[in-house]
Amino acid sequence: MKTDELIHLLAADATPVARHRIEQRFALATLAGLVGAGMALMAWFGLRPDLAQAAALPMFWGKLAFAASLAVAGLALLRRMARPGATLGLAAWWLAVPPLVVWAMAAVTLWQAAPAERLPLLLGSTWRTCPFNIAALSAPALAACLWALKGAAPTRLAWAGAGAGLLAGTLGTLVYALHCPEMAAPFLALWYLAGMAIPTTLGAVLGPRLLRW
Amino acid sequence: MEIEDRLRALLLQGLDADAAAYQRFLKELSAHLRAFLRRRLAQWPDAVEDLVQETLLAVHNQRHTYRPEMPVTAWVHAIARYKLVDWLRSHAVKEARNDPLDDAHELFSSSDAEAAEARRDLGQLLQTLPDRQRLPIVHVKLHGLSVVETAQLTGLSESAVKIGVHRGLKALAAKIRGMA
């Protein structure tokens with residue numbers, strides 16, 4: 001086929017293009033990821049029994065805010081990664097803010113604690129399972145976010161996959177916080193981020209395999 | 001900035017379904033792409049037109065990723081670069097795999113090897129698509145018919161022709177990807 005013929009053919013397919021299709025897909029993927037994680041939570045872990053009391057504590061909302069703010073930053077980043085030639089701009093910097101805040105809180109907590117209390121503050125009672133539970137709850141969101149990226153044109157596939165994994169991790173964390181009994185900042189600073197790192201890494205590995213276009 | 005402004009205006013019209021403007025956009029783009037790729041594929045002159053076509057197809061299939069506040073030139077450049085890198089990577093792998101280990105073999109390599117590297121023909125790939133995608137594409141392409149005329153000729157509805165062309169172009173891109 002000659003290139004001119006191809007151009008003629010492509011021009012014949014000049015249908016109106018919806019400007020926000022990528023955003024719509026990510027909105028849908030976010031919703032699907034949250035619903036999927038919620039269903040998995042109810043099936044495997046259940047809500048924490050003292051949810052009503054916990055909801056009165058600022059740290060409970062702090063956990064949700066931590067995950068939610070990372071999710072928003074991740075979405076802002078993915079929106080750009082999904083488009084060829086878009087610069088990442090400030091989006092990448094926003095991603096660093098929630099972890100820095102939590103690390104600062106953790107440092108203050110550890111500094112104020114007696115030496116013997118420091119390790120228990122870091123390990124809590126669920127450190128062995130927490131990252132894996134978060135990763136498991138992130139699985140539906142990871143599939144959904146990769147699907148959303150499949151409808152776009154990322155040019156750095158490993159990075160885009162990592163971005164999808166990170167967003168999935170934040171959504172899984174958001175839902176897992178409804179079960180997780182841990183309330184200490186040092187624990188979150190370590191194990192919540194470790195939990196998010198699992199789907200992020202998985203996304204980076206899967207990206208080049210699944211996202212080619 | 002003259003090129004940027006002109007291409008941008010044409011593309012935006014094209015995204016609003018102005019086929020004539022869109023065709024001019026693709027036409028002008030193809031000339032820039034050809035020059036860009038020719039400079040970078042000096043060792044593989046035969047591959048230039050393949051990649052021009054593949055990039056045009058990608059620009060078309062991914063045109064929903066363009067945002068009006070982005071420079072068109074940066075957007076297209078990123079797509080062309082992605083396609084070029086992707087091609088070079090798979091080509092390097094293929095060449096390394098087919099690279100004969102002893103020189104005697106290389107000396108006597110027949111024209112088979114060249115045939116394997118012959119230019120990909122989109123027309124042949126087209127033949128592998130199902131009728132409902134192939135026929136609209138063949139009529140719109142080969143005979144230069146409009147969607148309405150193609151619909152009358154094939155007995156398909158106008159929307160079926162449009163959908164056939166649309167899905168066929170996506171399938172074509174997927175087939176090229178499968179070959180790499």
# chains A, B, ... in the order shown; residues from 1 in each chain; ligands from 1
$ closest_atom_pairs --of "chain A" --to "chain B" --cutoff "9 Å" --atoms "only C-alpha atoms" --output "CSV"
residue,atom,partner,partner_atom,distance
A:Met1,CA,B:Gly123,CA,5.1
A:Lys2,CA,B:Leu122,CA,8.6
A:Thr3,CA,B:Gln53,CA,6.2
A:Asp4,CA,B:Lys27,CA,7.6
A:Glu5,CA,B:Lys141,CA,5.8
A:Leu6,CA,B:Lys141,CA,7.0
A:Ile7,CA,B:Leu26,CA,6.3
A:His8,CA,B:Lys141,CA,6.5
A:Leu9,CA,B:Lys141,CA,5.2
A:Leu10,CA,B:His60,CA,6.8
A:Ala11,CA,B:Gln23,CA,5.1
A:Ala12,CA,B:Ala19,CA,6.5
A:Asp13,CA,B:His166,CA,6.1
A:Ala14,CA,B:Ala17,CA,4.9
A:Thr15,CA,B:Ala17,CA,4.8
A:Pro16,CA,B:Ala17,CA,4.6
A:Val17,CA,B:Leu15,CA,5.4
A:Ala18,CA,B:His64,CA,6.8
A:Arg19,CA,B:His64,CA,6.3
A:His20,CA,B:His64,CA,7.9
A:Arg21,CA,B:His64,CA,7.1
A:Ile22,CA,B:Thr65,CA,7.2
A:Ala82,CA,B:Thr65,CA,7.4
A:Arg83,CA,B:Thr65,CA,5.4
A:Pro84,CA,B:Ala78,CA,5.2
A:Gly85,CA,B:Trp75,CA,4.5
A:Ala86,CA,B:Met70,CA,7.1
A:Gly151,CA,B:Gln62,CA,8.5
A:Ala152,CA,B:Thr65,CA,6.4
A:Ala153,CA,B:Gln62,CA,6.5
A:Thr155,CA,B:Tyr82,CA,5.9
A:Arg156,CA,B:Tyr82,CA,8.4
A:Arg212,CA,B:Arg177,CA,8.1
A:Trp213,CA,B:Arg177,CA,7.2
$ write_last_selection --atoms "C-alpha atoms" --output "tab-separated table (two decimals), in the first residue's frame"
chain	number	residue	atom	x	y	z
A	1	MET	CA	0.00	0.00	0.00
A	2	LYS	CA	1.34	3.43	-0.85
A	3	THR	CA	1.59	5.97	1.92
A	4	ASP	CA	-0.79	8.31	0.11
A	5	GLU	CA	-3.39	5.56	0.02
A	6	LEU	CA	-2.94	4.98	3.71
A	7	ILE	CA	-3.38	8.70	4.38
A	8	HIS	CA	-6.57	8.71	2.35
A	9	LEU	CA	-7.78	5.73	4.33
A	10	LEU	CA	-6.93	7.29	7.69
A	11	ALA	CA	-8.67	10.52	6.70
A	12	ALA	CA	-11.79	8.49	5.90
A	13	ASP	CA	-11.80	7.45	9.55
A	14	ALA	CA	-11.78	11.06	10.80
A	15	THR	CA	-14.57	10.66	13.29
A	16	PRO	CA	-14.99	13.20	16.09
A	17	VAL	CA	-12.66	12.39	18.95
A	18	ALA	CA	-13.71	12.60	22.59
A	19	ARG	CA	-11.17	14.74	24.40
A	20	HIS	CA	-11.38	13.10	27.80
A	21	ARG	CA	-11.39	9.43	26.95
A	22	ILE	CA	-8.20	8.77	28.92
A	82	ALA	CA	-0.46	8.17	29.15
A	83	ARG	CA	0.24	10.84	26.53
A	84	PRO	CA	3.22	10.91	24.18
A	85	GLY	CA	5.35	14.01	24.60
A	86	ALA	CA	3.65	15.25	27.78
A	151	GLY	CA	-6.31	2.66	25.89
A	152	ALA	CA	-3.59	5.29	25.83
A	153	ALA	CA	-0.09	5.66	24.42
A	155	THR	CA	6.09	5.86	25.62
A	156	ARG	CA	8.01	4.68	28.68
A	212	ARG	CA	3.14	-1.95	23.75
A	213	TRP	CA	1.14	-0.18	21.08
$ closest_residue --among "A:Gly203, A:Leu47, A:Pro131, A:Ala158" --to "Ala144 of chain A" --atoms "only C-alpha atoms"
A:Gly203
$ atom_distance --atom1 "atom CA of Ala114 of chain A" --atom2 "atom CA of Glu182 of chain A"
18.9 Å
$ atom_distance --atom1 "atom CA of Leu28 of chain A" --atom2 "atom CA of Leu157 of chain A"
21.0 Å
$ atom_distance --atom1 "atom CA of Met39 of chain A" --atom2 "atom CA of Ala139 of chain A"
11.8 Å
$ residues_around --residues "Leu146 of chain A" --least-positions-apart "4" --cutoff "8 Å" --atoms "only C-alpha atoms" --output "CSV table (one decimal) with C-alpha atoms, in the first residue's frame"
chain,number,residue,atom,x,y,z
A,142,LEU,CA,-3.6,-3.1,39.0
A,150,LYS,CA,-3.9,0.1,27.3
A,161,GLY,CA,3.5,0.3,34.4
A,164,ALA,CA,-0.3,2.1,37.3
A,207,GLY,CA,4.5,-2.6,31.6
A,210,LEU,CA,1.5,-5.5,28.2
A,211,LEU,CA,1.5,-1.9,27.2
$ closest_residue --among "A:Leu31, A:Ala160, A:Leu121, A:Leu51" --to "Thr109 of chain A" --atoms "only C-alpha atoms"
A:Leu121
